[in-house]
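Undergrad: Dropping in run-v7.csv, with CSV, C-alpha atoms (C1' of nucleotides).
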```
chain,number,residue,atom,x,y,z
A,1468,MET,CA,95.4,25.1,-79.7
A,1469,GLU,CA,92.1,26.8,-80.6
A,1470,ILE,CA,88.7,25.8,-79.6
A,1471,GLN,CA,87.1,24.0,-82.5
A,1472,ILE,CA,83.5,24.3,-83.5
A,1473,SER,CA,83.5,21.5,-85.9
A,1474,LYS,CA,80.0,21.6,-87.2
A,1475,THR,CA,76.4,22.3,-86.5
A,1476,LEU,CA,73.9,19.6,-86.2
A,1477,LYS,CA,70.1,19.3,-86.4
A,1478,VAL,CA,68.7,16.9,-83.9
A,1479,SER,CA,65.1,15.9,-83.5
A,1480,LYS,CA,63.3,15.7,-80.1
A,1481,GLY,CA,64.4,12.5,-78.4
A,1482,GLU,CA,67.7,12.1,-80.3
A,1483,ILE,CA,70.6,11.1,-78.0
A,1484,LEU,CA,73.9,13.0,-78.3
A,1485,LEU,CA,75.8,11.3,-75.5
A,1486,SER,CA,75.1,8.0,-73.8
A,1487,TYR,CA,76.2,6.3,-70.6
A,1488,GLY,CA,79.5,4.6,-71.3
A,1489,ASP,CA,80.5,6.9,-74.1
A,1490,ILE,CA,83.6,9.0,-73.9
A,1491,ALA,CA,82.6,12.6,-74.5
A,1492,SER,CA,84.6,14.2,-77.3
A,1493,TYR,CA,82.2,17.1,-77.8
A,1494,ALA,CA,80.3,19.6,-75.8
A,1495,PHE,CA,77.2,21.1,-77.4
A,1496,LYS,CA,76.2,24.7,-77.7
A,1497,VAL,CA,72.5,25.1,-78.3
A,1498,GLU,CA,71.6,27.4,-81.2
A,1499,SER,CA,67.9,26.7,-81.0
A,1500,GLY,CA,65.6,24.3,-79.2
A,1501,CYS,CA,66.6,22.6,-75.9
A,1502,LEU,CA,68.8,19.8,-74.7
A,1503,ARG,CA,69.1,18.2,-71.4
A,1504,SER,CA,71.6,16.1,-69.5
A,1505,TYR,CA,70.5,13.4,-67.1
A,1506,VAL,CA,71.4,10.2,-65.3
A,1507,ILE,CA,69.4,7.0,-65.0
A,1508,ASP,CA,69.6,5.5,-61.5
A,1509,LYS,CA,69.7,1.8,-60.5
A,1510,THR,CA,65.9,1.7,-60.4
A,1511,GLY,CA,65.6,3.0,-63.9
A,1512,LYS,CA,64.5,6.5,-63.0
A,1513,GLU,CA,65.8,9.6,-64.8
A,1514,HIS,CA,67.2,12.6,-63.0
A,1515,ILE,CA,67.9,15.7,-64.9
A,1516,LEU,CA,71.1,17.5,-64.3
A,1517,GLN,CA,70.8,20.4,-66.7
A,1518,PHE,CA,68.5,22.0,-69.2
A,1519,ALA,CA,70.3,23.7,-72.1
A,1520,PRO,CA,68.1,26.1,-74.0
A,1521,LYS,CA,69.5,28.5,-76.7
A,1522,ASP,CA,73.0,29.8,-76.0
A,1523,TRP,CA,73.7,27.3,-73.3
A,1524,LEU,CA,76.5,24.7,-73.3
A,1525,VAL,CA,76.0,21.2,-72.2
A,1526,GLY,CA,78.6,18.4,-72.0
A,1527,ASP,CA,80.2,15.9,-69.7
A,1528,ILE,CA,83.3,17.7,-68.4
A,1529,ASP,CA,84.4,14.7,-66.3
A,1530,SER,CA,84.3,12.3,-69.3
A,1531,SER,CA,85.9,14.9,-71.6
A,1532,THR,CA,88.7,15.8,-69.2
A,1533,ASN,CA,89.6,12.4,-68.0
A,1534,ASN,CA,88.7,10.4,-71.0
A,1535,LYS,CA,86.5,8.2,-68.9
A,1536,PRO,CA,83.2,6.6,-69.8
A,1537,SER,CA,80.3,9.0,-69.2
A,1538,LEU,CA,77.8,8.4,-66.4
A,1539,ILE,CA,75.2,10.6,-68.1
A,1540,PHE,CA,73.0,11.0,-71.2
A,1541,ILE,CA,72.4,14.1,-73.3
A,1542,ASP,CA,69.4,14.3,-75.5
A,1543,ALA,CA,67.2,16.8,-77.2
A,1544,ILE,CA,63.9,17.6,-75.5
A,1545,GLU,CA,62.8,19.7,-78.4
A,1546,ASP,CA,63.9,19.7,-82.1
A,1547,SER,CA,67.2,21.6,-81.9
A,1548,GLU,CA,70.2,22.9,-83.6
A,1549,VAL,CA,73.5,22.5,-81.9
A,1550,SER,CA,77.2,23.4,-82.5
A,1551,CYS,CA,79.6,20.7,-81.6
A,1552,ILE,CA,82.7,21.8,-79.7
A,1553,SER,CA,85.6,19.4,-79.6
A,1554,THR,CA,86.7,18.8,-76.0
A,1555,ALA,CA,90.1,17.3,-76.9
A,1556,ALA,CA,91.9,20.1,-75.1
A,1557,PHE,CA,90.0,19.8,-71.9
A,1558,GLY,CA,92.6,17.5,-70.3
A,1559,ASP,CA,95.4,20.1,-70.7
A,1560,PHE,CA,94.6,23.7,-70.3
A,1561,ALA,CA,98.2,24.7,-70.8
A,1562,SER,CA,97.9,23.9,-74.5
A,1563,LEU,CA,95.2,26.5,-75.0
A,1564,GLU,CA,95.7,30.1,-76.0
A,1565,LYS,CA,95.3,32.5,-73.2
A,1566,ASP,CA,92.2,34.2,-74.6
A,1567,THR,CA,90.5,30.9,-75.1
A,1568,LEU,CA,91.5,29.8,-71.6
A,1569,VAL,CA,90.1,33.0,-70.1
A,1570,HIS,CA,86.9,32.5,-71.9
A,1571,MET,CA,86.6,28.8,-70.9
A,1572,SER,CA,87.6,29.3,-67.3
A,1573,THR,CA,84.9,32.0,-66.9
A,1574,LYS,CA,82.3,29.6,-68.2
A,1575,ILE,CA,83.5,26.8,-66.0
A,1576,ARG,CA,83.6,29.1,-63.0
A,1577,ASN,CA,80.1,30.3,-63.6
A,1578,LYS,CA,78.9,26.7,-64.0
A,1579,LEU,CA,80.6,25.9,-60.7
A,1580,ILE,CA,78.8,28.7,-59.0
A,1581,ALA,CA,75.5,27.4,-60.4
A,1582,THR,CA,76.1,23.8,-59.3
A,1583,ASN,CA,77.1,25.0,-55.8
A,1584,ASN,CA,73.8,26.8,-55.5
A,1585,ARG,CA,72.0,23.7,-56.6
A,1586,ILE,CA,73.7,21.7,-53.9
A,1587,ILE,CA,72.7,24.2,-51.3
A,1588,SER,CA,69.1,24.0,-52.6
A,1589,LEU,CA,69.0,20.2,-52.6
A,1590,LEU,CA,70.5,20.1,-49.0
A,1591,SER,CA,68.5,22.8,-47.4
A,1592,ALA,CA,65.2,23.5,-49.2
A,1593,SER,CA,62.0,21.5,-49.3
A,1594,ALA,CA,60.5,20.2,-52.5
A,1595,LYS,CA,58.0,23.1,-52.5
A,1596,GLU,CA,60.7,25.6,-52.0
A,1597,ARG,CA,62.8,24.1,-54.8
A,1598,TYR,CA,59.9,24.3,-57.1
A,1599,ILE,CA,59.2,27.9,-56.3
A,1600,GLU,CA,62.9,28.7,-56.7
A,1601,PHE,CA,62.9,27.0,-60.1
A,1602,THR,CA,59.9,29.0,-61.4
A,1603,LYS,CA,61.7,32.2,-60.4
A,1604,THR,CA,65.1,31.2,-61.8
A,1605,TYR,CA,63.8,29.7,-65.1
A,1606,PRO,CA,60.5,31.4,-65.8
A,1607,THR,CA,60.8,30.8,-69.5
A,1608,LEU,CA,61.5,27.1,-69.1
A,1609,VAL,CA,58.5,26.7,-66.8
A,1610,GLN,CA,56.2,27.7,-69.6
A,1611,ARG,CA,58.0,25.5,-72.1
A,1612,LEU,CA,58.7,22.3,-70.4
A,1613,PRO,CA,56.4,19.5,-69.3
A,1614,LEU,CA,56.1,19.3,-65.6
A,1615,LYS,CA,57.6,15.9,-65.4
A,1616,LEU,CA,60.9,17.3,-66.6
A,1617,ILE,CA,60.8,20.0,-64.0
A,1618,ALA,CA,59.9,17.5,-61.3
A,1619,SER,CA,62.9,15.4,-62.4
A,1620,TYR,CA,65.2,18.4,-62.2
A,1621,ILE,CA,64.1,19.4,-58.7
A,1622,GLY,CA,64.3,15.8,-57.5
A,1623,ILE,CA,60.7,14.8,-57.0
A,1624,THR,CA,58.0,12.7,-58.8
A,1625,PRO,CA,55.6,14.3,-61.2
A,1626,GLU,CA,52.7,13.2,-59.0
A,1627,TYR,CA,54.1,15.0,-56.0
A,1628,LEU,CA,54.8,18.1,-58.0
A,1629,SER,CA,51.1,18.1,-59.0
A,1630,GLU,CA,50.2,17.9,-55.3
A,1631,LEU,CA,52.5,20.8,-54.5
A,1632,ARG,CA,51.0,22.9,-57.3
A,1633,ARG,CA,47.6,22.2,-56.0
A,1634,GLN,CA,48.6,23.3,-52.5
A,1635,LEU,CA,50.2,26.5,-53.9
A,1636,SER,CA,47.2,27.4,-56.0
A,1637,LYS,CA,45.0,27.1,-52.9
A,1638,ASN,CA,47.5,29.0,-50.8
A,1639,ILE,CA,47.7,26.1,-48.5
A,1640,ASN,CA,51.0,26.7,-46.7
B,436,MET,CA,98.7,39.8,-61.6
B,437,GLU,CA,100.0,37.0,-59.4
B,438,ILE,CA,98.1,34.9,-57.0
B,439,GLN,CA,98.9,36.2,-53.5
B,440,ILE,CA,99.4,34.1,-50.5
B,441,SER,CA,99.2,36.9,-48.1
B,442,LYS,CA,99.9,35.0,-44.9
B,443,THR,CA,99.3,31.9,-42.9
B,444,LEU,CA,96.9,31.9,-40.0
B,445,LYS,CA,96.5,29.7,-37.0
B,446,VAL,CA,92.9,29.1,-36.1
B,447,SER,CA,91.3,27.1,-33.3
B,448,LYS,CA,88.5,24.7,-33.6
B,449,GLY,CA,85.3,26.7,-33.9
B,450,GLU,CA,86.8,29.8,-35.3
B,451,ILE,CA,84.9,31.4,-38.1
B,452,LEU,CA,86.8,32.5,-41.2
B,453,LEU,CA,83.8,33.6,-43.3
B,454,SER,CA,80.3,34.4,-42.2
B,455,TYR,CA,77.0,34.8,-44.0
B,456,GLY,CA,76.8,38.3,-45.4
B,457,ASP,CA,80.5,38.8,-45.6
B,458,ILE,CA,82.1,39.5,-49.0
B,459,ALA,CA,84.8,36.8,-49.4
B,460,SER,CA,88.2,38.4,-50.2
B,461,TYR,CA,90.2,35.3,-49.4
B,462,ALA,CA,90.1,31.6,-50.1
B,463,PHE,CA,91.9,29.3,-47.7
B,464,LYS,CA,94.4,26.6,-48.3
B,465,VAL,CA,94.6,24.2,-45.4
B,466,GLU,CA,98.1,23.4,-44.2
B,467,SER,CA,97.0,21.3,-41.2
B,468,GLY,CA,93.8,20.5,-39.5
B,469,CYS,CA,90.4,20.7,-41.2
B,470,LEU,CA,88.0,23.4,-42.2
B,471,ARG,CA,84.4,23.2,-43.5
B,472,SER,CA,82.0,25.3,-45.4
B,473,TYR,CA,78.3,25.2,-44.6
B,474,VAL,CA,75.0,27.0,-44.9
B,475,ILE,CA,72.3,27.5,-42.2
B,476,ASP,CA,68.8,27.0,-43.5
B,477,LYS,CA,65.7,29.0,-42.4
B,478,THR,CA,65.0,26.5,-39.7
B,479,GLY,CA,68.4,27.0,-38.2
B,480,LYS,CA,69.9,23.7,-39.4
B,481,GLU,CA,73.5,23.5,-40.7
B,482,HIS,CA,74.3,21.8,-44.0
B,483,ILE,CA,77.9,21.1,-44.8
B,484,LEU,CA,79.0,21.9,-48.4
B,485,GLN,CA,82.6,20.9,-48.1
B,486,PHE,CA,85.3,19.5,-45.8
B,487,ALA,CA,88.8,20.9,-46.4
B,488,PRO,CA,91.5,18.8,-44.8
B,489,LYS,CA,95.2,19.3,-45.5
B,490,ASP,CA,96.1,20.6,-48.9
B,491,TRP,CA,92.5,21.4,-49.8
B,492,LEU,CA,91.1,24.8,-50.8
B,493,VAL,CA,87.9,26.3,-49.5
B,494,GLY,CA,86.3,29.6,-50.2
B,495,ASP,CA,83.1,31.2,-51.6
B,496,ILE,CA,83.8,31.6,-55.3
B,497,ASP,CA,80.4,33.2,-55.9
B,498,SER,CA,81.0,35.9,-53.3
B,499,SER,CA,84.7,36.4,-54.4
B,500,THR,CA,83.8,36.6,-58.1
B,501,ASN,CA,80.8,38.8,-58.0
B,502,ASN,CA,81.6,40.8,-54.8
B,503,LYS,CA,78.3,39.8,-53.3
B,504,PRO,CA,77.5,38.9,-49.7
B,505,SER,CA,78.2,35.3,-49.0
B,506,LEU,CA,75.5,32.8,-48.3
B,507,ILE,CA,77.9,30.5,-46.5
B,508,PHE,CA,80.1,30.1,-43.4
B,509,ILE,CA,83.6,28.7,-43.2
B,510,ASP,CA,85.0,27.6,-39.9
B,511,ALA,CA,87.6,25.3,-38.4
B,512,ILE,CA,86.4,21.9,-37.2
B,513,GLU,CA,89.9,21.1,-35.9
B,514,ASP,CA,92.7,23.4,-34.8
B,515,SER,CA,94.2,24.3,-38.1
B,516,GLU,CA,96.8,26.3,-40.0
B,517,VAL,CA,95.7,28.0,-43.2
B,518,SER,CA,97.2,30.1,-46.0
B,519,CYS,CA,95.0,33.0,-47.1
B,520,ILE,CA,94.8,33.5,-50.8
B,521,SER,CA,93.5,36.9,-52.0
B,522,THR,CA,90.6,36.4,-54.4
B,523,ALA,CA,90.7,39.9,-55.7
B,524,ALA,CA,91.5,38.6,-59.2
B,525,PHE,CA,88.6,36.2,-59.4
B,526,GLY,CA,86.3,38.6,-61.2
B,527,ASP,CA,88.7,39.1,-64.1
B,528,PHE,CA,90.7,36.1,-65.3
B,529,ALA,CA,92.2,38.1,-68.1
B,530,SER,CA,94.3,40.0,-65.6
B,531,LEU,CA,96.1,36.8,-64.5
B,532,GLU,CA,99.3,35.4,-65.9
B,533,LYS,CA,98.7,32.4,-68.1
B,534,ASP,CA,100.4,29.9,-65.8
B,535,THR,CA,98.4,31.1,-62.9
B,536,LEU,CA,95.3,30.8,-64.9
B,537,VAL,CA,96.1,27.3,-66.1
B,538,HIS,CA,96.6,26.3,-62.5
B,539,MET,CA,93.4,27.9,-61.3
B,540,SER,CA,91.2,26.7,-64.0
B,541,THR,CA,92.4,23.2,-63.5
B,542,LYS,CA,91.4,23.4,-59.8
B,543,ILE,CA,88.0,25.0,-60.6
B,544,ARG,CA,87.3,22.4,-63.3
B,545,ASN,CA,88.1,19.6,-60.8
B,546,LYS,CA,85.9,21.2,-58.2
B,547,LEU,CA,83.1,21.4,-60.8
B,548,ILE,CA,83.5,17.7,-61.6
B,549,ALA,CA,83.2,16.9,-57.9
B,550,THR,CA,80.1,19.1,-57.3
B,551,ASN,CA,78.5,17.5,-60.4
B,552,ASN,CA,79.0,14.1,-58.9
B,553,ARG,CA,77.6,15.3,-55.6
B,554,ILE,CA,74.4,16.5,-57.4
B,555,ILE,CA,74.1,13.1,-59.1
B,556,SER,CA,74.4,11.5,-55.7
B,557,LEU,CA,71.9,13.7,-54.0
B,558,LEU,CA,69.4,13.2,-56.8
B,559,SER,CA,69.7,9.5,-57.4
B,560,ALA,CA,71.0,7.7,-54.3
B,561,SER,CA,69.4,6.9,-51.0
B,562,ALA,CA,70.8,8.1,-47.7
B,563,LYS,CA,72.3,4.7,-47.1
B,564,GLU,CA,74.0,4.7,-50.5
B,565,ARG,CA,75.3,8.2,-50.0
B,566,TYR,CA,76.8,7.2,-46.6
B,567,ILE,CA,78.5,4.1,-48.1
B,568,GLU,CA,79.8,6.3,-51.0
B,569,PHE,CA,81.1,8.8,-48.5
B,570,THR,CA,83.0,6.2,-46.5
B,571,LYS,CA,84.6,5.0,-49.8
B,572,THR,CA,85.4,8.4,-51.1
B,573,TYR,CA,86.7,9.9,-47.8
B,574,PRO,CA,87.9,7.0,-45.7
B,575,THR,CA,90.3,9.1,-43.7
B,576,LEU,CA,87.7,11.7,-42.9
B,577,VAL,CA,85.3,9.0,-41.7
B,578,GLN,CA,87.8,8.1,-39.0
B,579,ARG,CA,88.4,11.7,-38.0
B,580,LEU,CA,85.1,13.4,-38.1
B,581,PRO,CA,82.2,13.2,-35.7
B,582,LEU,CA,79.2,11.4,-37.3
B,583,LYS,CA,77.0,14.4,-37.0
B,584,LEU,CA,79.2,16.3,-39.5
B,585,ILE,CA,79.1,13.4,-41.9
B,586,ALA,CA,75.3,13.2,-41.5
B,587,SER,CA,75.1,16.9,-42.3
B,588,TYR,CA,77.3,16.5,-45.4
B,589,ILE,CA,75.2,13.6,-46.8
B,590,GLY,CA,72.0,15.5,-46.1
B,591,ILE,CA,70.5,13.5,-43.2
B,592,THR,CA,70.1,13.8,-39.4
B,593,PRO,CA,72.6,12.2,-37.0
B,594,GLU,CA,69.9,10.1,-35.5
B,595,TYR,CA,69.0,8.6,-38.9
B,596,LEU,CA,72.7,8.0,-39.7
B,597,SER,CA,72.9,6.1,-36.5
B,598,GLU,CA,70.0,3.9,-37.6
B,599,LEU,CA,71.6,3.3,-41.0
B,600,ARG,CA,74.8,2.3,-39.4
B,601,ARG,CA,73.0,-0.2,-37.2
B,602,GLN,CA,71.3,-1.6,-40.2
B,603,LEU,CA,74.6,-1.9,-42.1
B,604,SER,CA,76.3,-3.5,-39.1
B,605,LYS,CA,73.6,-6.1,-39.0
B,606,ASN,CA,73.7,-6.6,-42.7
B,607,ILE,CA,70.1,-5.6,-42.8
B,608,ASN,CA,69.5,-4.6,-46.4
C,67,DA,C1',36.6,12.3,-86.7
C,68,DT,C1',38.8,8.7,-84.3
C,69,DT,C1',42.4,6.7,-82.1
C,70,DA,C1',46.4,6.9,-79.6
C,71,DC,C1',49.7,9.1,-76.9
C,72,DT,C1',51.5,12.3,-73.7
C,73,DT,C1',50.6,15.3,-69.9
C,74,DC,C1',48.5,16.3,-65.8
C,75,DT,C1',45.7,15.4,-61.8
C,76,DT,C1',43.7,12.9,-57.9
C,77,DA,C1',43.7,9.6,-54.2
C,78,DA,C1',44.9,5.6,-51.2
C,79,DG,C1',48.4,3.4,-49.0
C,80,DG,C1',53.4,2.9,-48.2
C,81,DT,C1',58.3,4.1,-47.0
C,82,DA,C1',62.2,6.9,-46.1
C,83,DT,C1',63.6,10.1,-43.3
C,84,DC,C1',62.7,13.5,-39.4
C,85,DT,C1',61.5,15.1,-34.6
C,86,DT,C1',61.7,14.7,-30.0
C,87,DA,C1',63.4,12.9,-26.0
C,88,DA,C1',65.8,10.0,-23.2
C,89,DC,C1',69.8,7.5,-22.3
C,90,DT,C1',74.8,5.7,-22.8
C,91,DT,C1',79.4,6.3,-24.0
C,92,DT,C1',83.3,8.9,-24.9
C,93,DT,C1',86.1,13.0,-24.5
C,94,DA,C1',87.4,17.3,-22.4
C,95,DT,C1',87.8,20.3,-18.2
C,96,DT,C1',88.3,21.6,-13.5
D,362,DA,C1',89.0,11.6,-9.8
D,363,DA,C1',84.9,14.2,-10.5
D,364,DT,C1',82.2,16.9,-13.4
D,365,DA,C1',80.8,18.7,-17.5
D,366,DA,C1',80.4,18.6,-22.3
D,367,DA,C1',80.2,16.3,-26.7
D,368,DA,C1',79.2,12.3,-29.4
D,369,DG,C1',76.5,8.4,-30.4
D,370,DT,C1',72.4,5.4,-29.8
D,371,DT,C1',67.7,4.0,-29.4
D,372,DA,C1',62.8,4.3,-29.9
D,373,DA,C1',58.0,6.2,-30.6
D,374,DG,C1',55.4,9.0,-33.3
D,375,DA,C1',55.1,12.4,-37.1
D,376,DT,C1',55.7,14.1,-41.9
D,377,DA,C1',57.5,14.6,-46.5
D,378,DC,C1',57.6,12.4,-50.3
D,379,DC,C1',56.8,8.0,-53.2
D,380,DT,C1',54.2,4.2,-55.4
D,381,DT,C1',50.5,2.5,-57.8
D,382,DA,C1',46.6,3.1,-60.3
D,383,DA,C1',43.1,5.3,-62.4
D,384,DG,C1',41.0,8.9,-64.8
D,385,DA,C1',40.8,13.6,-67.3
D,386,DA,C1',42.5,16.6,-70.5
D,387,DG,C1',45.2,18.1,-74.0
D,388,DT,C1',48.0,17.0,-78.3
D,389,DA,C1',49.5,14.3,-82.2
D,390,DA,C1',48.7,10.7,-85.7
D,391,DT,C1',46.0,7.8,-88.7
```
Before we go any further, please render this structure as structure tokens.
TA:
Amino acid sequence: MEIQISKTLKVSKGEILLSYGDIASYAFKVESGCLRSYVIDKTGKEHILQFAPKDWLVGDIDSSTNNKPSLIFIDAIEDSEVSCISTAAFGDFASLEKDTLVHMSTKIRNKLIATNNRIISLLSASAKERYIEFTKTYPTLVQRLPLKLIASYIGITPEYLSELRRQLSKNIN
Amino acid sequence: MEIQISKTLKVSKGEILLSYGDIASYAFKVESGCLRSYVIDKTGKEHILQFAPKDWLVGDIDSSTNNKPSLIFIDAIEDSEVSCISTAAFGDFASLEKDTLVHMSTKIRNKLIATNNRIISLLSASAKERYIEFTKTYPTLVQRLPLKLIASYIGITPEYLSELRRQLSKNIN
DNA sequence: ATTACTTCTTAAGGTATCTTAACTTTTATT
DNA sequence: AATAAAAGTTAAGATACCTTAAGAAGTAAT
């Protein structure tokens, strides 16, 4: 079985590509613009799992693999163009051609490394450290995204991020 | 290239199998006992990334893949027996046989799903909720592990876990 | 130009979680 | 059995981060 890029889609800022409860049958490769994935917690607050600017992939691998309702949302945070990739084969890697599988596993492995590093950061770094780390890891996103989205990604409120930025600008430790 | 299980090893509680700064050339499959992986932050505190009881794999995929010094430690939290799996092929999946690759990718994918869920939990659940979730997800570990290790895994201090347990036992909300 | 909306900041007061330290209980060692 | 070591609890005070609310500044829409 081949990986299928079924079509490209134009989505406007705010459009939702995957909702809580959906079963994910596509992942999205971003051709232009920026998507994000996020959860909404029981108090109604959003927590961003991933930003996906140009050339990034975003999807719900758990939902796609196990055909279970998604816990997350994916939407466009800028007007974007995306390619839709069918995830029908995710449950059974043996059905893929070897080249395809090599390619996919490499991506999945790299994503695993990234999420591992994020867990380390969430467990062992302060909010200020996580913000500084974010600005170093994603300098282009920092210039592009509203601070409240960055705050959501690093796990703090926008107000507190504002406070941290003030401290940093004053070189308060 | 085939996956190589080079040998099995007996390790005593406390023995370290991978240290910060090492380049990981093995992953470990636990045959009996329990391992853990963890980081030590700049203040000297440990944060547990993974418990690996019987039949689990633990390693540093970032170090193995990219031949870079590890950021983590792996040690035995019980007397254990482990099989050592060479990770020499991790940098180049194309060199693996397809069956091996299918098997490995499935494991990596499942690990990615698990780490994604942990990020969601760290971002969106309180310490109390994370503790309750842990007891549901790993009931056998809860009975086996000292509370301070569980506290470290869910990202809180042992003292605060004690307080949470007291609240839960009194049905304080 | 005016209005409305989103973003960002500031500040006061509150809460979750940590730090330190002491003490109790359990488990391991001699 | 006695001693030491590890695990678990409790409590007081501290701190990181949140909540609410208001205002300022920038951006989009009529």
Undergrad: Please determine, counting only C-alpha atoms (C1' of nucleotides), which residue among A:Gly1488, A:Ser1537, A:Phe1557, A:Glu1626 has the shortest atom-to-atom distance to D:DA382.
TA: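 The shortest atom-to-atom distance to D:DA382 comes from A:Glu1626.
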Undergrad: So how many Å separate atom CA of B:Glu598 and atom CA of B:Leu584, to one decimal?
TA: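 Computed distance, atom CA of B:Glu598 to atom CA of B:Leu584, equals 15.6 Å.
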Undergrad: Quick one: residues within 10 Å of C:DT93, all atoms listed in the file counted, chain neighbours fewer than 4 positions away excluded, as JSON, numbers by chain?
TA: {"D": [366, 367, 368]}
Undergrad: C:DA70: which residues within 12 Å, counting all atoms listed in the file, same-chain residues fewer than 5 positions away excluded, as number ranges by chain?
TA: D: 388-391
Undergrad: Please check the contacts: residues of chain B at most 9 Å away from chain D, using all atoms listed in the file, listed as a count of residues only.
TA: 7
